[in-house]
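Have a look at run_5.cif below; it lists mmCIF, C-alpha atoms.
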```cif
data_coords
#
loop_
_atom_site.label_atom_id
_atom_site.label_comp_id
_atom_site.auth_asym_id
_atom_site.auth_seq_id
_atom_site.Cartn_x
_atom_site.Cartn_y
_atom_site.Cartn_z
CA MET A 1292 -33.15 -5.75 -7.09
CA HIS A 1293 -33.90 -7.54 -10.37
CA ARG A 1294 -35.17 -10.59 -8.48
CA LEU A 1295 -37.54 -8.43 -6.44
CA ILE A 1296 -39.01 -6.86 -9.60
CA ASP A 1297 -39.37 -10.32 -11.19
CA LYS A 1298 -41.32 -11.60 -8.18
CA ILE A 1299 -43.62 -8.59 -8.15
CA ILE A 1300 -44.45 -9.23 -11.83
CA ILE A 1301 -45.07 -12.95 -11.23
CA HIS A 1302 -47.25 -12.19 -8.18
CA ALA A 1303 -49.33 -9.68 -10.11
CA LEU A 1304 -49.96 -12.19 -12.90
CA SER A 1305 -50.63 -15.03 -10.46
CA VAL A 1306 -53.23 -13.02 -8.50
CA PHE A 1307 -55.22 -12.59 -11.71
CA ALA A 1308 -55.37 -16.41 -12.08
CA MET A 1309 -56.27 -16.87 -8.40
CA CYS A 1310 -59.34 -14.68 -8.81
CA TYR A 1311 -60.76 -17.12 -11.39
CA ILE A 1312 -59.79 -20.38 -9.65
CA MET A 1313 -60.75 -19.67 -6.00
CA HIS A 1314 -62.67 -17.27 -3.81
CA GLY A 1315 -63.06 -16.22 -0.19
CA ASN A 1316 -60.73 -17.46 2.50
CA THR A 1317 -58.99 -19.89 0.17
CA PHE A 1318 -57.95 -17.02 -2.06
CA LEU A 1319 -56.59 -15.03 0.90
CA VAL A 1320 -54.72 -18.02 2.36
CA LEU A 1321 -53.01 -18.84 -0.93
CA LEU A 1322 -52.24 -15.17 -1.58
CA TYR A 1323 -50.58 -14.74 1.83
CA LEU A 1324 -48.79 -18.08 1.45
CA SER A 1325 -47.44 -17.01 -1.92
CA ILE A 1326 -46.18 -13.68 -0.53
CA ILE A 1327 -44.60 -15.32 2.54
CA LEU A 1328 -42.94 -18.04 0.49
CA SER A 1329 -41.60 -15.53 -2.03
CA GLY A 1330 -40.21 -13.29 0.70
CA LEU A 1331 -38.55 -16.17 2.54
CA ASN A 1332 -36.89 -17.52 -0.57
CA TYR A 1333 -35.73 -14.03 -1.55
CA TYR A 1334 -33.86 -13.95 1.77
CA LEU A 1335 -32.75 -17.59 1.88
CA ILE A 1336 -31.50 -18.13 -1.68
CA ASN A 1337 -28.20 -16.39 -2.29
CA ARG A 1338 -26.36 -18.72 -4.63
CA GLU A 1339 -22.90 -17.32 -5.40
CA ASN A 1340 -21.86 -19.72 -8.16
CA SER A 1341 -23.47 -20.67 -11.44
CA SER A 1342 -22.99 -24.41 -11.01
CA LEU A 1343 -25.78 -26.74 -12.13
CA SER A 1344 -25.32 -28.87 -9.02
CA MET A 1345 -28.52 -29.43 -7.06
CA LYS A 1346 -26.80 -29.70 -3.66
CA PRO A 1347 -27.49 -26.64 -1.45
CA GLY A 1348 -24.41 -24.85 -0.21
CA ASN A 1349 -25.51 -23.78 3.29
CA VAL A 1350 -28.28 -24.02 5.90
CA LYS A 1351 -30.38 -21.20 4.39
CA GLU A 1352 -30.36 -22.85 0.98
CA TRP A 1353 -31.38 -26.17 2.56
CA ILE A 1354 -34.40 -24.45 4.18
CA ALA A 1355 -35.38 -22.86 0.85
CA PHE A 1356 -34.89 -26.25 -0.85
CA ILE A 1357 -37.35 -27.95 1.54
CA LEU A 1358 -39.89 -25.10 1.36
CA GLU A 1359 -39.97 -25.31 -2.45
CA ILE A 1360 -40.59 -29.06 -2.37
CA LEU A 1361 -43.35 -28.73 0.25
CA THR A 1362 -45.10 -25.91 -1.63
CA ALA A 1363 -44.95 -27.79 -4.91
CA THR A 1364 -46.32 -30.90 -3.17
CA ILE A 1365 -49.39 -28.94 -1.94
CA SER A 1366 -50.54 -28.62 -5.56
CA LEU A 1367 -50.74 -32.42 -5.84
CA PHE A 1368 -53.24 -32.64 -2.99
CA PHE A 1369 -54.92 -29.27 -3.41
CA PRO A 1370 -55.20 -28.44 -7.16
CA PRO A 1371 -56.11 -24.72 -6.70
CA ALA A 1372 -52.61 -24.27 -5.28
CA VAL A 1373 -51.37 -24.54 -8.88
CA THR A 1374 -51.22 -20.72 -8.85
CA LEU A 1375 -48.28 -20.98 -6.42
CA LEU A 1376 -46.21 -22.96 -8.91
CA PRO A 1377 -44.86 -19.97 -10.94
CA ILE A 1378 -43.22 -18.59 -7.79
CA VAL A 1379 -41.97 -22.08 -6.85
CA MET A 1380 -40.55 -22.61 -10.35
CA TYR A 1381 -38.79 -19.23 -10.31
CA ASP A 1382 -37.01 -20.07 -7.05
CA SER A 1383 -36.37 -23.70 -8.10
CA VAL A 1384 -34.45 -22.56 -11.18
CA ARG A 1385 -32.43 -20.21 -8.99
CA SER A 1386 -31.61 -22.86 -6.36
CA ARG A 1387 -31.26 -25.78 -8.85
CA ASN A 1388 -34.08 -27.62 -7.05
CA TYR A 1389 -34.93 -30.16 -9.76
CA ILE A 1390 -37.13 -32.15 -7.37
CA ALA A 1391 -39.44 -29.18 -6.81
CA ALA A 1392 -39.45 -28.50 -10.57
CA VAL A 1393 -40.59 -32.08 -11.34
CA ILE A 1394 -43.25 -31.92 -8.65
CA SER A 1395 -44.45 -28.60 -10.11
CA VAL A 1396 -44.90 -30.22 -13.55
CA MET A 1397 -46.85 -33.02 -11.89
CA GLY A 1398 -49.00 -30.41 -10.13
CA ILE A 1399 -49.79 -28.75 -13.49
CA ILE A 1400 -50.88 -32.11 -14.92
CA ASN A 1401 -52.97 -32.84 -11.81
CA SER A 1402 -54.70 -29.45 -12.09
CA PHE A 1403 -55.72 -30.22 -15.70
CA LEU A 1404 -57.32 -33.44 -14.51
CA SER A 1405 -58.89 -32.18 -11.29
CA LEU A 1406 -59.86 -28.52 -11.62
CA ASP A 1407 -63.23 -27.63 -13.05
CA VAL A 1408 -62.17 -24.37 -14.66
CA SER A 1409 -61.64 -23.09 -18.14
CA SER A 1410 -58.62 -24.52 -19.94
CA VAL A 1411 -57.73 -20.95 -20.88
CA ILE A 1412 -57.00 -20.15 -17.23
CA LEU A 1413 -54.84 -23.25 -16.90
CA LEU A 1414 -52.94 -22.32 -20.08
CA TYR A 1415 -52.52 -18.85 -18.58
CA VAL A 1416 -50.97 -20.39 -15.45
CA ILE A 1417 -48.63 -22.48 -17.63
CA THR A 1418 -47.64 -19.32 -19.51
CA ILE A 1419 -46.80 -17.59 -16.23
CA LEU A 1420 -44.83 -20.71 -15.26
CA PHE A 1421 -42.68 -20.50 -18.41
CA LEU A 1422 -42.33 -16.74 -17.96
CA SER A 1423 -41.01 -17.28 -14.42
CA ILE A 1424 -38.42 -19.76 -15.75
CA ILE A 1425 -37.28 -17.29 -18.41
CA LEU A 1426 -37.13 -14.41 -15.92
CA SER A 1427 -35.15 -16.51 -13.44
CA ILE A 1428 -32.59 -17.60 -16.06
CA TYR A 1429 -32.28 -14.08 -17.52
CA THR A 1430 -31.85 -12.44 -14.10
CA GLU A 1431 -29.24 -14.99 -13.08
CA LYS A 1432 -27.25 -14.31 -16.25
CA GLN A 1433 -27.48 -10.60 -15.55
CA ASP A 1434 -26.20 -11.16 -12.01
CA ILE A 1435 -23.28 -13.24 -13.31
CA LEU A 1436 -22.38 -10.59 -15.88
CA GLN A 1437 -22.60 -7.87 -13.26
CA LYS A 1438 -20.30 -9.80 -10.90
CA GLN A 1439 -17.82 -10.38 -13.71
CA TYR A 1440 -17.94 -6.70 -14.58
CA ARG A 1441 -17.30 -5.72 -10.95
CA ARG A 1442 -14.44 -8.20 -10.73
CA LEU A 1443 -12.89 -6.85 -13.93
CA ARG A 1444 -13.36 -3.29 -12.71
CA ASP A 1445 -11.74 -4.07 -9.36
CA ASP A 1446 -8.86 -5.86 -11.08
CA SER A 1447 -8.44 -2.92 -13.43
CA GLU A 1448 -8.42 -0.43 -10.55
CA GLU A 1449 -5.93 -2.58 -8.65
CA LYS A 1450 -3.65 -2.83 -11.68
CA ASN A 1451 -3.95 0.92 -12.29
CA ALA A 1452 -3.02 1.59 -8.68
CA LEU A 1453 -0.06 -0.79 -8.96
CA LEU A 1454 1.00 0.84 -12.23
CA SER A 1455 0.72 4.28 -10.66
CA SER A 1456 2.84 3.12 -7.73
CA LYS A 1457 5.48 1.68 -10.06
CA ASN A 1458 5.50 4.88 -12.12
CA SER A 1459 5.94 6.90 -8.95
CA GLU A 1460 8.84 4.68 -7.88
CA LEU A 1461 10.44 5.04 -11.32
CA LEU A 1462 10.05 8.82 -11.19
CA GLN A 1463 11.58 8.92 -7.72
CA ALA A 1464 14.45 6.72 -8.87
CA ARG A 1465 14.99 8.94 -11.91
CA ASP A 1466 14.91 12.08 -9.77
CA MET A 1467 17.39 10.48 -7.39
CA GLU A 1468 19.71 9.61 -10.26
CA ILE A 1469 19.48 13.18 -11.58
CA HIS A 1470 20.10 14.54 -8.08
CA ASN A 1471 23.12 12.28 -7.59
CA ALA A 1472 24.45 13.23 -11.02
CA GLN A 1473 24.07 16.92 -10.15
CA LEU A 1474 25.87 16.42 -6.84
CA SER A 1475 28.64 14.48 -8.56
CA GLU A 1476 29.02 17.22 -11.19
CA ARG A 1477 29.13 19.91 -8.51
CA ASN A 1478 31.82 17.96 -6.70
CA ARG A 1479 33.82 17.62 -9.93
CA ILE A 1480 33.53 21.35 -10.68
CA ALA A 1481 34.62 22.21 -7.14
CA ARG A 1482 37.60 19.89 -7.48
CA GLU A 1483 38.56 21.35 -10.86
CA ILE A 1484 38.37 24.92 -9.55
CA HIS A 1485 40.38 24.00 -6.46
CA ASP A 1486 43.06 22.10 -8.38
CA ASN A 1487 43.45 24.45 -11.34
CA VAL A 1488 42.23 27.98 -10.70
CA GLY A 1489 43.05 27.85 -6.98
CA HIS A 1490 46.61 26.69 -7.52
CA THR A 1491 47.14 29.26 -10.29
CA LEU A 1492 45.94 32.09 -8.05
CA SER A 1493 48.06 30.83 -5.19
CA ARG A 1494 51.13 30.90 -7.44
CA ALA A 1495 50.22 34.40 -8.65
CA ILE A 1496 49.88 35.61 -5.03
CA LEU A 1497 53.32 34.17 -4.16
CA GLN A 1498 54.85 35.83 -7.21
CA MET A 1499 53.20 39.11 -6.28
CA GLY A 1500 54.66 38.80 -2.78
CA ALA A 1501 58.10 38.37 -4.30
CA LEU A 1502 57.60 41.45 -6.51
CA LEU A 1503 56.49 43.48 -3.49
CA ALA A 1504 59.65 42.49 -1.68
CA ILE A 1505 61.80 43.57 -4.64
CA HIS A 1506 59.98 46.77 -5.66
CA LYS A 1507 59.55 48.82 -2.51
CA GLU A 1508 59.67 52.20 -4.19
CA GLU A 1509 56.52 54.15 -4.89
CA PRO A 1510 54.28 54.31 -6.83
CA VAL A 1511 55.10 50.77 -8.08
CA HIS A 1512 54.89 49.24 -4.60
CA GLY A 1513 51.40 50.65 -3.98
CA GLN A 1514 50.13 49.48 -7.33
CA LEU A 1515 51.51 45.97 -6.76
CA GLU A 1516 49.88 45.95 -3.30
CA GLU A 1517 46.51 46.73 -4.88
CA VAL A 1518 46.99 43.86 -7.34
CA ARG A 1519 47.91 41.54 -4.47
CA GLN A 1520 44.75 42.52 -2.55
CA THR A 1521 42.68 41.88 -5.68
CA LEU A 1522 44.23 38.43 -6.02
CA ASP A 1523 43.60 37.70 -2.32
CA SER A 1524 39.97 38.75 -2.72
CA ALA A 1525 39.59 36.54 -5.80
CA MET A 1526 41.20 33.65 -3.93
CA ASN A 1527 38.84 34.07 -0.98
CA ASN A 1528 35.80 34.21 -3.28
CA ILE A 1529 36.91 31.07 -5.14
CA ARG A 1530 37.59 29.27 -1.85
CA SER A 1531 34.12 30.19 -0.57
CA SER A 1532 32.47 29.10 -3.82
CA VAL A 1533 34.38 25.80 -3.82
CA HIS A 1534 33.31 25.12 -0.24
CA ASP A 1535 29.68 25.91 -1.08
CA LEU A 1536 29.75 23.63 -4.11
CA HIS A 1537 31.38 20.85 -2.11
CA ASP A 1538 28.92 21.23 0.76
CA ASP A 1539 25.96 21.13 -1.64
CA SER A 1540 27.38 17.96 -3.20
CA ILE A 1541 27.36 16.13 0.15
CA ASP A 1542 24.26 13.97 0.39
CA VAL A 1543 23.89 12.65 3.93
CA LYS A 1544 21.58 9.81 2.89
CA VAL A 1545 23.96 8.59 0.18
CA SER A 1546 26.99 9.00 2.41
CA ILE A 1547 25.48 6.98 5.27
CA ALA A 1548 24.25 4.31 2.85
CA GLN A 1549 27.75 3.95 1.41
CA MET A 1550 29.37 3.83 4.85
CA ALA A 1551 26.86 1.22 6.06
CA GLN A 1552 27.36 -1.07 3.06
CA PRO A 1553 30.08 -3.22 4.78
CA LEU A 1554 27.69 -3.94 7.67
CA LYS A 1555 25.47 -6.05 5.41
CA GLU A 1556 28.14 -8.73 5.20
CA ASN A 1557 27.94 -9.73 8.89
CA PHE A 1558 24.85 -8.01 10.31
CA ASN A 1559 21.13 -7.68 9.67
CA LEU A 1560 20.99 -3.99 8.84
CA ASN A 1561 17.85 -1.91 9.36
CA MET A 1562 18.39 1.65 8.14
CA GLU A 1563 15.81 4.45 8.39
CA ILE A 1564 16.66 7.96 7.16
CA ASP A 1565 14.06 10.70 6.99
CA ILE A 1566 15.60 14.16 6.61
CA SER A 1567 15.21 17.18 4.34
CA ASP A 1568 17.84 18.46 1.90
CA ASN A 1569 18.44 21.78 3.65
CA MET A 1570 20.49 20.46 6.56
CA PRO A 1571 23.12 22.98 7.74
CA ARG A 1572 26.74 22.31 6.76
CA PRO A 1573 28.11 21.79 10.33
CA VAL A 1574 25.32 19.34 11.13
CA LYS A 1575 26.05 17.39 7.92
CA TYR A 1576 29.72 17.00 8.84
CA ALA A 1577 28.90 16.11 12.44
CA ILE A 1578 26.34 13.44 11.56
CA ILE A 1579 28.54 11.88 8.87
CA GLY A 1580 31.53 11.83 11.26
CA ILE A 1581 29.49 10.35 14.14
CA THR A 1582 27.98 7.68 11.89
CA LYS A 1583 31.37 6.79 10.42
CA GLU A 1584 32.87 6.38 13.89
CA GLY A 1585 29.91 4.32 15.14
CA ILE A 1586 29.96 2.00 12.12
CA SER A 1587 33.72 1.57 12.45
CA ASN A 1588 33.36 0.52 16.12
CA ILE A 1589 30.60 -1.96 15.24
CA ILE A 1590 32.60 -3.57 12.44
CA LYS A 1591 35.70 -3.89 14.63
CA HIS A 1592 34.26 -4.91 17.98
CA SER A 1593 30.60 -6.02 17.82
CA SER A 1594 29.65 -9.69 18.08
CA ASN A 1595 25.90 -9.07 17.80
CA SER A 1596 23.62 -9.94 14.91
CA ASP A 1597 21.58 -6.81 14.16
CA VAL A 1598 22.28 -3.12 13.60
CA ILE A 1599 19.89 -0.18 13.48
CA ILE A 1600 20.87 3.18 11.98
CA SER A 1601 18.08 5.72 12.33
CA LEU A 1602 18.30 9.40 11.34
CA ASN A 1603 15.12 11.47 11.60
CA GLU A 1604 14.36 15.16 11.36
CA HIS A 1605 11.88 16.61 13.84
CA PRO A 1606 10.51 20.17 14.01
CA SER A 1607 13.11 21.25 16.58
CA MET A 1608 15.96 18.75 16.26
CA TYR A 1609 17.77 15.98 14.39
CA GLN A 1610 17.87 12.55 16.02
CA LEU A 1611 20.51 9.89 15.27
CA ILE A 1612 20.48 6.35 16.69
CA ILE A 1613 23.18 3.72 16.07
CA HIS A 1614 22.51 0.45 17.87
CA ASP A 1615 23.93 -3.05 17.52
CA TYR A 1616 22.02 -5.82 19.32
CA ASN A 1617 20.79 -9.42 19.16
CA SER A 1618 17.23 -9.73 17.83
CA SER A 1619 17.01 -13.28 19.23
CA GLY A 1620 16.97 -11.84 22.76
CA SER A 1621 20.19 -13.56 23.83
CA GLU A 1622 22.48 -11.59 26.08
CA THR A 1623 25.29 -9.70 24.42
CA ASN A 1624 28.90 -10.00 25.49
CA ASN A 1625 30.00 -6.56 26.68
CA GLU A 1626 33.29 -7.73 28.21
CA VAL A 1627 36.20 -6.55 26.08
CA LYS A 1628 39.95 -6.29 26.57
CA ASN A 1629 41.58 -3.16 27.89
CA ASP A 1630 43.22 -2.21 24.59
CA VAL A 1631 39.87 -2.56 22.80
CA LYS A 1632 38.21 -0.48 25.51
CA ASN A 1633 40.80 2.21 25.02
CA GLU A 1634 40.20 2.18 21.26
CA ILE A 1635 36.42 2.40 21.76
CA GLY A 1636 36.96 5.16 24.29
CA MET A 1637 38.94 7.17 21.77
CA GLY A 1638 36.19 6.67 19.19
CA LEU A 1639 33.53 7.79 21.68
CA GLU A 1640 35.61 10.83 22.55
CA ASN A 1641 35.68 11.75 18.87
CA ILE A 1642 31.89 11.28 18.72
CA ARG A 1643 31.42 13.40 21.84
CA SER A 1644 33.53 16.23 20.44
CA ARG A 1645 31.56 16.22 17.19
CA VAL A 1646 28.26 16.31 19.10
CA GLU A 1647 29.46 19.21 21.25
CA SER A 1648 30.57 21.11 18.14
CA VAL A 1649 26.91 21.42 17.08
CA ASN A 1650 25.54 21.90 20.65
CA GLY A 1651 24.01 18.41 20.65
CA THR A 1652 23.54 15.84 23.41
CA LEU A 1653 24.95 12.31 23.48
CA THR A 1654 23.51 9.33 25.36
CA ILE A 1655 25.26 5.95 25.40
CA SER A 1656 23.65 2.71 26.60
CA GLU A 1657 25.10 -0.80 26.92
CA GLU A 1658 21.93 -2.60 28.08
CA ASN A 1659 21.49 -4.68 24.91
CA GLY A 1660 24.52 -4.21 22.75
CA PHE A 1661 25.94 -0.73 22.21
CA ARG A 1662 23.52 2.14 21.59
CA ILE A 1663 24.48 5.68 20.58
CA PHE A 1664 21.66 8.23 20.86
CA VAL A 1665 22.38 11.76 19.55
CA THR A 1666 20.08 14.77 19.40
CA ILE A 1667 21.14 17.96 17.60
CA PRO A 1668 19.00 21.11 17.92
CA LYS A 1669 18.08 23.07 14.83
#
```
Taking this structure as input, can you express it in the form of C-alpha cells?
Amino acid sequence: MHRLIDKIIIHALSVFAMCYIMHGNTFLVLLYLSIILSGLNYYLINRENSSLSMKPGNVKEWIAFILEILTATISLFFPPAVTLLPIVMYDSVRSRNYIAAVISVMGIINSFLSLDVSSVILLYVITILFLSIILSIYTEKQDILQKQYRRLRDDSEEKNALLSSKNSELLQARDMEIHNAQLSERNRIAREIHDNVGHTLSRAILQMGALLAIHKEEPVHGQLEEVRQTLDSAMNNIRSSVHDLHDDSIDVKVSIAQMAQPLKENFNLNMEIDISDNMPRPVKYAIIGITKEGISNIIKHSSNSDVIISLNEHPSMYQLIIHDYNSSGSETNNEVKNDVKNEIGMGLENIRSRVESVNGTLTISEENGFRIFVTIPK
C-alpha cells in the first residue's frame, strides 16, 4: 500500500513537469506509458529480501528489469521522456537495477543538453528523481521493519501457545499427582480401619457372643443382645465404609498402566485409555481382571511384536480391546501345545465369567495374533 501511494505522488509531480515540456499527443503517450509502466512494475517487483545483489530472483523480476532499462533508454533518444525517469528510478532502487539507474542519470544529462526548456523545469525533474529515490528507500525500510515485526509477533504467539501448552501439561500432571496421592491416602485409611478398628470390633463381637452364652438369664441377656446388635451394626457400617474407600482408591487407568509395564520389555505397546472417573465398582473389577488375564496370557504365550490395549467409554457402553499382533504384516504362529492351550482356555474361561458378571459380550479372534474384544453396557 505504501508503494502505491508513493507512485501516485510521483505521478502527480511528474505530470506537472510534462505539461511544461510537451503538449498534444506526445503528452498523452508519455502519460499513458508512465501509468502502464508503473502499474506493471508494481505487479512484477516483489523482492522478498533486502540484498543489494542486482540479479533478479524470478521471471517477473527479469521482465521488470528489462522494462526499466528500455524505458530509461528512451530518454537518451527522446529527451522529453526524461519525465519518466522518476518512476524508473523508484522501481530501479526497489529491484536493484543499477543499469537502469546509470542510464537514467545519462538521460538527465542528455536532457540538459538537448531540451530547449527552462533549467528550472529540469531542476524540478531532478528534484522529483531524488524524491523518488528517498521514497523508495524509506518504503523498503518500512516493509522490512513490518516483516520483522510480523515475524517477531508470530514467534511470540507461537512461544506463548507452547508455554500455555506446557503449563496445561504441568497442571494436569500436578492434578494427577494430587489425585493419586488422594487415592493412596484413601487406600491407607481403609487398610488402617480394616486392620485396627475392624479387628477390635470383631473381637468385641466374639466376646459378646461368649457373654451371651454364659448369661442367659433376663434382663442381662436381653441387654447383652442389644449391645451385640449395636456392635454388628457398627461392624457392617465400617465394612461398607472401608469397601467404599477402597473402591474409590482404585484407579483403572493407573492399574492398567502398572499391569502393562512388563509388556514394554518385549513388545511395542500402544495403550489408549479414555474413560471417566465415575465407573461403577463391578465394571472396575471386571475390566481390571480381564486386562490382567489378557496381559498374563500375552506375556506367557505370545511370540508377536506389538500389543494394543484400548479402553474407551461410549455413551451406552465400555469397550475393551486387547490385541497382540505383528505390525510387519508377517503371519503369526497360532499353533501351540496342548498344555498351553489348556492354560489359555482356563484364562479365557476366567475372562468369560468376568464379562458375564457385568452382562457384557466377549468376542475372540485369532486372525492376526490374539484379539480380545469386550463390550460392557452401562
Return as a compact mmCIF listing (two decimals) with C-alpha atoms, keeping the file's coordinate frame the set of residues that the PyMOL selection byres ((chain A and resi 1595) around 9) yields on the displayed structure.
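New file out_38.txt:
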```
# COMPACT_ATOMS: atom_id res chain seq x y z
CA PHE A 1558 24.85 -8.01 10.31
CA ILE A 1589 30.60 -1.96 15.24
CA SER A 1593 30.60 -6.02 17.82
CA SER A 1594 29.65 -9.69 18.08
CA SER A 1596 23.62 -9.94 14.91
CA ASP A 1597 21.58 -6.81 14.16
CA VAL A 1598 22.28 -3.12 13.60
CA ASP A 1615 23.93 -3.05 17.52
CA TYR A 1616 22.02 -5.82 19.32
CA ASN A 1617 20.79 -9.42 19.16
CA SER A 1618 17.23 -9.73 17.83
CA THR A 1623 25.29 -9.70 24.42
CA ASN A 1624 28.90 -10.00 25.49
CA GLY A 1660 24.52 -4.21 22.75
```
### Query
For A:Val1384, which residue out of A:Leu1522, A:Phe1421, A:Val1511, A:Arg1645 is the nearest one, using all atoms listed in the file?
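Ranking A:Leu1522, A:Phe1421, A:Val1511, A:Arg1645 by distance to A:Val1384, first place goes to A:Phe1421.
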#### Entry: Non-local contacts of A:Gln1498 (10 Å; all atoms listed in the file; under 6 positions in same chain excluded) as a list in words
Leu1492, Ala1504 and Arg1519 of chain A
### Message
Let me make sure I understand: among A:Leu1376, A:Val1488, A:Met1309, A:Ile1300, which one has the smallest atom-to-atom distance to A:Glu1359 if we use all atoms listed in the file?
### Response
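So, comparing all the options, the nearest one is A:Leu1376.
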### Message
Quick check, in Å to one decimal: how far apart do atom CA of A:Asn1569 and atom CA of A:Leu1639 lie?
### Response
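Between these atoms lies a distance of 27.4 Å.
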